[in-house]
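K.L.:
I'm passing along start_15.cif; it holds mmCIF, C-alpha atoms.
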data_coords
#
loop_
_atom_site.label_atom_id
_atom_site.label_comp_id
_atom_site.auth_asym_id
_atom_site.auth_seq_id
_atom_site.Cartn_x
_atom_site.Cartn_y
_atom_site.Cartn_z
CA MET A 1 9.88 -2.39 -19.58
CA SER A 2 12.87 -2.41 -17.27
CA GLY A 3 13.77 -5.43 -15.20
CA PHE A 4 14.54 -3.18 -12.27
CA SER A 5 12.12 -3.15 -9.36
CA CYS A 6 12.29 -1.42 -6.02
CA SER A 7 10.20 -2.66 -3.15
CA THR A 8 8.45 -0.20 -0.87
CA ALA A 9 8.65 0.15 2.89
CA PRO A 10 9.28 -1.66 5.14
CA ILE A 11 11.77 -3.59 3.01
CA LYS A 12 14.05 -1.12 1.30
CA ARG A 13 15.89 -3.23 -1.25
CA CYS A 14 16.03 -3.00 -5.00
CA TYR A 15 16.21 -6.06 -7.22
CA ASN A 16 17.56 -6.21 -10.73
CA PHE A 17 15.75 -9.21 -12.16
CA GLU A 18 17.59 -9.06 -15.49
CA ASP A 19 20.81 -10.11 -13.75
CA HIS A 20 19.28 -13.46 -12.80
CA HIS A 21 18.85 -16.21 -15.36
CA HIS A 22 17.98 -19.19 -13.19
CA ILE A 23 14.81 -21.03 -14.12
CA GLY A 24 12.99 -22.82 -11.31
CA GLU A 25 15.05 -21.18 -8.58
CA ALA A 26 14.01 -18.17 -6.58
CA ILE A 27 15.67 -15.12 -8.09
CA VAL A 28 15.09 -12.97 -5.01
CA GLU A 29 16.30 -14.03 -1.63
CA LEU A 30 14.65 -12.57 1.43
CA SER A 31 16.66 -12.45 4.61
CA HIS A 32 15.23 -13.95 7.75
CA ASP A 33 15.04 -10.45 9.21
CA GLU A 34 12.93 -9.30 6.25
CA VAL A 35 10.57 -12.27 6.70
CA ARG A 36 10.31 -11.55 10.42
CA ARG A 37 9.50 -7.89 9.65
CA ILE A 38 6.78 -8.91 7.19
CA ALA A 39 5.40 -11.34 9.77
CA GLU A 40 5.45 -8.60 12.40
CA LEU A 41 3.44 -6.31 10.12
CA ALA A 42 0.92 -9.12 9.63
CA LYS A 43 0.87 -9.76 13.39
CA LEU A 44 2.17 -13.31 12.90
CA HIS A 45 4.43 -15.11 15.35
CA LEU A 46 6.72 -17.43 13.39
CA THR A 47 9.13 -20.08 14.55
CA ASP A 48 12.64 -20.15 13.10
CA ALA A 49 11.62 -23.11 10.93
CA GLU A 50 8.63 -21.16 9.58
CA VAL A 51 10.83 -18.13 8.84
CA THR A 52 13.16 -20.34 6.81
CA LEU A 53 10.25 -21.97 4.98
CA TYR A 54 8.48 -18.69 4.22
CA ALA A 55 11.67 -16.97 3.07
CA GLY A 56 11.85 -19.47 0.20
CA GLN A 57 8.14 -19.39 -0.52
CA LEU A 58 7.98 -15.58 -0.57
CA ALA A 59 10.97 -15.50 -2.91
CA HIS A 60 9.05 -17.71 -5.36
CA VAL A 61 5.99 -15.45 -5.05
CA LEU A 62 8.15 -12.44 -5.97
CA GLU A 63 9.52 -14.43 -8.91
CA ALA A 64 5.95 -15.12 -10.10
CA PHE A 65 5.21 -11.40 -9.97
CA GLN A 66 8.30 -10.77 -12.05
CA ALA A 67 6.97 -13.22 -14.65
CA LEU A 68 3.71 -11.25 -14.70
CA ARG A 69 5.66 -8.06 -15.33
CA GLN A 70 6.82 -9.58 -18.64
CA VAL A 71 3.24 -9.76 -19.99
CA ASP A 72 2.57 -7.11 -22.63
CA THR A 73 -0.35 -5.03 -21.37
CA ALA A 74 0.18 -2.03 -23.64
CA HIS A 75 -3.10 -2.73 -25.47
CA ILE A 76 -5.13 -3.00 -22.25
CA ALA A 77 -6.68 0.16 -20.85
CA PRO A 78 -6.04 0.85 -17.16
CA THR A 79 -9.01 -0.10 -15.03
CA ALA A 80 -9.94 -0.38 -11.37
CA SER A 81 -12.27 -3.32 -11.99
CA VAL A 82 -12.70 -5.93 -14.69
CA LEU A 83 -16.39 -6.29 -13.87
CA PRO A 84 -19.09 -3.83 -14.90
CA LEU A 85 -20.14 -1.63 -12.02
CA ARG A 86 -23.73 -1.50 -10.90
CA ASN A 87 -25.52 -0.05 -7.94
CA ILE A 88 -26.57 -2.79 -5.53
CA TRP A 89 -27.97 -0.53 -2.86
CA ARG A 90 -31.59 -0.75 -1.88
CA ASP A 91 -33.82 2.29 -1.57
CA ASP A 92 -33.30 4.11 1.70
CA ARG A 93 -36.63 3.62 3.45
CA ALA A 94 -37.48 4.28 7.08
CA LEU A 95 -38.76 1.18 8.84
CA PRO A 96 -40.38 0.83 12.23
CA PRO A 97 -37.73 0.70 14.95
CA LEU A 98 -36.94 -2.50 16.82
CA SER A 99 -38.20 -2.91 20.35
CA PRO A 100 -35.57 -3.00 23.14
CA ASP A 101 -36.20 -6.75 23.50
CA GLU A 102 -35.56 -7.29 19.77
CA VAL A 103 -32.37 -5.22 19.89
CA ILE A 104 -30.76 -7.34 22.61
CA ALA A 105 -32.30 -10.66 21.58
CA ASN A 106 -28.99 -12.06 20.27
CA ALA A 107 -26.70 -10.34 22.77
CA ALA A 108 -24.37 -12.69 24.61
CA HIS A 109 -25.00 -10.73 27.82
CA ALA A 110 -27.47 -7.97 28.59
CA VAL A 111 -28.73 -6.14 31.68
CA ASP A 112 -31.79 -3.88 31.67
CA HIS A 113 -31.93 -3.71 27.85
CA GLN A 114 -28.25 -2.78 27.65
CA PHE A 115 -25.40 -4.77 26.14
CA LEU A 116 -23.00 -6.07 28.76
CA VAL A 117 -19.41 -6.32 27.55
CA GLU A 118 -16.09 -7.10 29.18
CA ASP A 119 -13.80 -4.28 30.24
CA ILE A 120 -11.15 -3.54 27.67
CA PHE A 121 -9.03 -1.51 30.07
CA SER A 122 -8.17 -2.96 33.42
CA ASP A 123 -6.39 -1.67 36.49
CA SER A 124 -4.11 -4.70 36.67
#
As structure tokens - that is how I would like this structure written.

P.N.:
Amino acid sequence: MSGFSCSTAPIKRCYNFEDHHHIGEAIVELSHDEVRRIAELAKLHLTDAEVTLYAGQLAHVLEAFQALRQVDTAHIAPTASVLPLRNIWRDDRALPPLSPDEVIANAAHAVDHQFLVEDIFSDS
């Protein structure tokens, strides 16, 4: 197994983990711009202090994944799930419909048996 790993979009940087021999230190350094881009993708608004903090923490997470890459899994068959699959669906049976009052019973707002919701598009 090679120690060479390329990340995928949006961060386009390749890391050669075999060139780093530091134990206990992050072997990958993420720039503040890379952390901000990751935060943007996750719809997070970070302060400069948080960007600095998370840059170090994410580097250690990537280091942990590199350690996992060293585990010999040649004898383990590829699988999508480690748990046995079973059908948990119930039989598809038609039931009597709910009355209009039952349908809107838990609605926050209703008018004439219709759900009342706020506008999502406004003229302002």

K.L.:
Report, in Å with one decimal, the straight-line distance from atom CA of A:Phe115 to atom CA of A:Val103.

P.N.:
9.4 Å

K.L.:
Can you work out the spacing between atom CA of A:Val61 and atom CA of A:Val28 in Å, to one decimal?

P.N.:
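Between atom CA of A:Val61 and atom CA of A:Val28 the gap is 9.4 Å.
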
K.L.:
Residues picked by the PyMOL selection byres ((chain A and resi 31-47) around 10) here, as a short mmCIF file (atom, residue, chain, number, x, y, z; two decimals) with C-alpha atoms, keeping the file's coordinate frame?

P.N.:
data_model
loop_
_atom_site.label_atom_id
_atom_site.label_comp_id
_atom_site.auth_asym_id
_atom_site.auth_seq_id
_atom_site.Cartn_x
_atom_site.Cartn_y
_atom_site.Cartn_z
CA PRO A 10 9.28 -1.66 5.14
CA ILE A 11 11.77 -3.59 3.01
CA LYS A 12 14.05 -1.12 1.30
CA VAL A 28 15.09 -12.97 -5.01
CA GLU A 29 16.30 -14.03 -1.63
CA LEU A 30 14.65 -12.57 1.43
CA ASP A 48 12.64 -20.15 13.10
CA ALA A 49 11.62 -23.11 10.93
CA GLU A 50 8.63 -21.16 9.58
CA VAL A 51 10.83 -18.13 8.84
CA THR A 52 13.16 -20.34 6.81
CA LEU A 53 10.25 -21.97 4.98
CA TYR A 54 8.48 -18.69 4.22
CA ALA A 55 11.67 -16.97 3.07
CA GLY A 56 11.85 -19.47 0.20
CA LEU A 58 7.98 -15.58 -0.57
CA ALA A 59 10.97 -15.50 -2.91
#

K.L.:
Interatomic distance between atom CA of A:Phe121 and atom CA of A:Ile104?

P.N.:
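Calculated distance between atom CA of A:Phe121 and atom CA of A:Ile104 is 23.7 Å.
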
K.L.:
Padding 5 Å on every side, please: axis-aligned box over the listed atoms of stretch 39-53 of chain A, centre and edge lengths to one decimal in Å, as lines of an AutoDock Vina configuration file.

P.N.:
center_x = 7.0
center_y = -14.7
center_z = 10.2
size_x = 22.3
size_y = 26.8
size_z = 20.4

K.L.:
Just checking: using only C-alpha atoms, which residue out of A:His113, A:Leu85, A:Asp119, A:Thr73 ends up closest to A:Ser99?

P.N.:
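Nearest to A:Ser99: A:His113.
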
K.L.:
Could you list, as a list in words, every residue within 12 Å of A:Glu118, counting only C-alpha atoms and ignoring same-chain residues fewer than 4 positions away?

P.N.:
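In the requested form, the answer reads Ala108, His109, Ala110 and Ser122 of chain A.
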
K.L.:
Can you rebuild stretch 22-53 of chain A with N, CA and C atoms and give it as a PDB file, in the frame of the given file?

P.N.:
ATOM      1  N   HIS A  22      18.272 -17.847 -13.674  1.00  0.00           N
ATOM      2  CA  HIS A  22      17.980 -19.190 -13.190  1.00  0.00           C
ATOM      3  C   HIS A  22      16.497 -19.492 -13.358  1.00  0.00           C
ATOM      4  N   ILE A  23      16.187 -20.595 -13.965  1.00  0.00           N
ATOM      5  CA  ILE A  23      14.810 -21.030 -14.120  1.00  0.00           C
ATOM      6  C   ILE A  23      14.519 -22.045 -13.032  1.00  0.00           C
ATOM      7  N   GLY A  24      13.389 -21.870 -12.341  1.00  0.00           N
ATOM      8  CA  GLY A  24      12.990 -22.820 -11.310  1.00  0.00           C
ATOM      9  C   GLY A  24      13.575 -22.511  -9.947  1.00  0.00           C
ATOM     10  N   GLU A  25      14.504 -21.582  -9.858  1.00  0.00           N
ATOM     11  CA  GLU A  25      15.050 -21.180  -8.580  1.00  0.00           C
ATOM     12  C   GLU A  25      14.531 -19.789  -8.250  1.00  0.00           C
ATOM     13  N   ALA A  26      14.433 -19.507  -6.971  1.00  0.00           N
ATOM     14  CA  ALA A  26      14.010 -18.170  -6.580  1.00  0.00           C
ATOM     15  C   ALA A  26      15.084 -17.176  -6.994  1.00  0.00           C
ATOM     16  N   ILE A  27      14.697 -16.098  -7.633  1.00  0.00           N
ATOM     17  CA  ILE A  27      15.670 -15.120  -8.090  1.00  0.00           C
ATOM     18  C   ILE A  27      15.830 -13.992  -7.079  1.00  0.00           C
ATOM     19  N   VAL A  28      14.993 -13.954  -6.077  1.00  0.00           N
ATOM     20  CA  VAL A  28      15.090 -12.970  -5.010  1.00  0.00           C
ATOM     21  C   VAL A  28      15.216 -13.745  -3.722  1.00  0.00           C
ATOM     22  N   GLU A  29      16.172 -13.381  -2.921  1.00  0.00           N
ATOM     23  CA  GLU A  29      16.300 -14.030  -1.630  1.00  0.00           C
ATOM     24  C   GLU A  29      15.937 -13.028  -0.552  1.00  0.00           C
ATOM     25  N   LEU A  30      15.037 -13.416   0.302  1.00  0.00           N
ATOM     26  CA  LEU A  30      14.650 -12.570   1.430  1.00  0.00           C
ATOM     27  C   LEU A  30      15.426 -13.032   2.650  1.00  0.00           C
ATOM     28  N   SER A  31      15.957 -12.088   3.379  1.00  0.00           N
ATOM     29  CA  SER A  31      16.660 -12.450   4.610  1.00  0.00           C
ATOM     30  C   SER A  31      15.641 -12.857   5.665  1.00  0.00           C
ATOM     31  N   HIS A  32      16.123 -13.553   6.665  1.00  0.00           N
ATOM     32  CA  HIS A  32      15.230 -13.950   7.750  1.00  0.00           C
ATOM     33  C   HIS A  32      14.697 -12.720   8.479  1.00  0.00           C
ATOM     34  N   ASP A  33      15.515 -11.682   8.575  1.00  0.00           N
ATOM     35  CA  ASP A  33      15.040 -10.450   9.210  1.00  0.00           C
ATOM     36  C   ASP A  33      13.914  -9.807   8.417  1.00  0.00           C
ATOM     37  N   GLU A  34      14.003  -9.853   7.085  1.00  0.00           N
ATOM     38  CA  GLU A  34      12.930  -9.300   6.250  1.00  0.00           C
ATOM     39  C   GLU A  34      11.651 -10.110   6.422  1.00  0.00           C
ATOM     40  N   VAL A  35      11.755 -11.423   6.494  1.00  0.00           N
ATOM     41  CA  VAL A  35      10.570 -12.270   6.700  1.00  0.00           C
ATOM     42  C   VAL A  35       9.971 -11.996   8.070  1.00  0.00           C
ATOM     43  N   ARG A  36      10.821 -11.854   9.079  1.00  0.00           N
ATOM     44  CA  ARG A  36      10.310 -11.550  10.420  1.00  0.00           C
ATOM     45  C   ARG A  36       9.604 -10.193  10.439  1.00  0.00           C
ATOM     46  N   ARG A  37      10.124  -9.218   9.706  1.00  0.00           N
ATOM     47  CA  ARG A  37       9.500  -7.890   9.650  1.00  0.00           C
ATOM     48  C   ARG A  37       8.144  -7.970   8.958  1.00  0.00           C
ATOM     49  N   ILE A  38       8.066  -8.720   7.877  1.00  0.00           N
ATOM     50  CA  ILE A  38       6.780  -8.910   7.190  1.00  0.00           C
ATOM     51  C   ILE A  38       5.794  -9.601   8.118  1.00  0.00           C
ATOM     52  N   ALA A  39       6.260 -10.624   8.822  1.00  0.00           N
ATOM     53  CA  ALA A  39       5.400 -11.340   9.770  1.00  0.00           C
ATOM     54  C   ALA A  39       4.927 -10.411  10.879  1.00  0.00           C
ATOM     55  N   GLU A  40       5.815  -9.560  11.349  1.00  0.00           N
ATOM     56  CA  GLU A  40       5.450  -8.600  12.400  1.00  0.00           C
ATOM     57  C   GLU A  40       4.350  -7.664  11.908  1.00  0.00           C
ATOM     58  N   LEU A  41       4.465  -7.191  10.677  1.00  0.00           N
ATOM     59  CA  LEU A  41       3.440  -6.310  10.120  1.00  0.00           C
ATOM     60  C   LEU A  41       2.099  -7.022   9.994  1.00  0.00           C
ATOM     61  N   ALA A  42       2.142  -8.328   9.752  1.00  0.00           N
ATOM     62  CA  ALA A  42       0.920  -9.120   9.630  1.00  0.00           C
ATOM     63  C   ALA A  42       0.471  -9.680  10.980  1.00  0.00           C
ATOM     64  N   LYS A  43       1.180  -9.296  12.029  1.00  0.00           N
ATOM     65  CA  LYS A  43       0.870  -9.760  13.390  1.00  0.00           C
ATOM     66  C   LYS A  43       0.944 -11.280  13.500  1.00  0.00           C
ATOM     67  N   LEU A  44       1.954 -11.865  12.849  1.00  0.00           N
ATOM     68  CA  LEU A  44       2.170 -13.310  12.900  1.00  0.00           C
ATOM     69  C   LEU A  44       3.387 -13.611  13.757  1.00  0.00           C
ATOM     70  N   HIS A  45       3.296 -14.648  14.547  1.00  0.00           N
ATOM     71  CA  HIS A  45       4.430 -15.110  15.350  1.00  0.00           C
ATOM     72  C   HIS A  45       4.949 -16.372  14.681  1.00  0.00           C
ATOM     73  N   LEU A  46       6.157 -16.311  14.142  1.00  0.00           N
ATOM     74  CA  LEU A  46       6.720 -17.430  13.390  1.00  0.00           C
ATOM     75  C   LEU A  46       7.875 -18.068  14.150  1.00  0.00           C
ATOM     76  N   THR A  47       7.977 -19.377  14.025  1.00  0.00           N
ATOM     77  CA  THR A  47       9.130 -20.080  14.550  1.00  0.00           C
ATOM     78  C   THR A  47      10.289 -19.899  13.573  1.00  0.00           C
ATOM     79  N   ASP A  48      11.489 -20.248  13.998  1.00  0.00           N
ATOM     80  CA  ASP A  48      12.640 -20.150  13.100  1.00  0.00           C
ATOM     81  C   ASP A  48      12.457 -21.034  11.874  1.00  0.00           C
ATOM     82  N   ALA A  49      11.861 -22.211  12.069  1.00  0.00           N
ATOM     83  CA  ALA A  49      11.620 -23.110  10.930  1.00  0.00           C
ATOM     84  C   ALA A  49      10.632 -22.486   9.947  1.00  0.00           C
ATOM     85  N   GLU A  50       9.603 -21.813  10.456  1.00  0.00           N
ATOM     86  CA  GLU A  50       8.630 -21.160   9.580  1.00  0.00           C
ATOM     87  C   GLU A  50       9.269 -19.987   8.833  1.00  0.00           C
ATOM     88  N   VAL A  51      10.145 -19.250   9.502  1.00  0.00           N
ATOM     89  CA  VAL A  51      10.830 -18.130   8.840  1.00  0.00           C
ATOM     90  C   VAL A  51      11.645 -18.654   7.666  1.00  0.00           C
ATOM     91  N   THR A  52      12.359 -19.745   7.878  1.00  0.00           N
ATOM     92  CA  THR A  52      13.160 -20.340   6.810  1.00  0.00           C
ATOM     93  C   THR A  52      12.262 -20.805   5.665  1.00  0.00           C
ATOM     94  N   LEU A  53      11.181 -21.485   5.994  1.00  0.00           N
ATOM     95  CA  LEU A  53      10.250 -21.970   4.980  1.00  0.00           C
ATOM     96  C   LEU A  53       9.644 -20.818   4.188  1.00  0.00           C
TER      97      LEU A  53
END
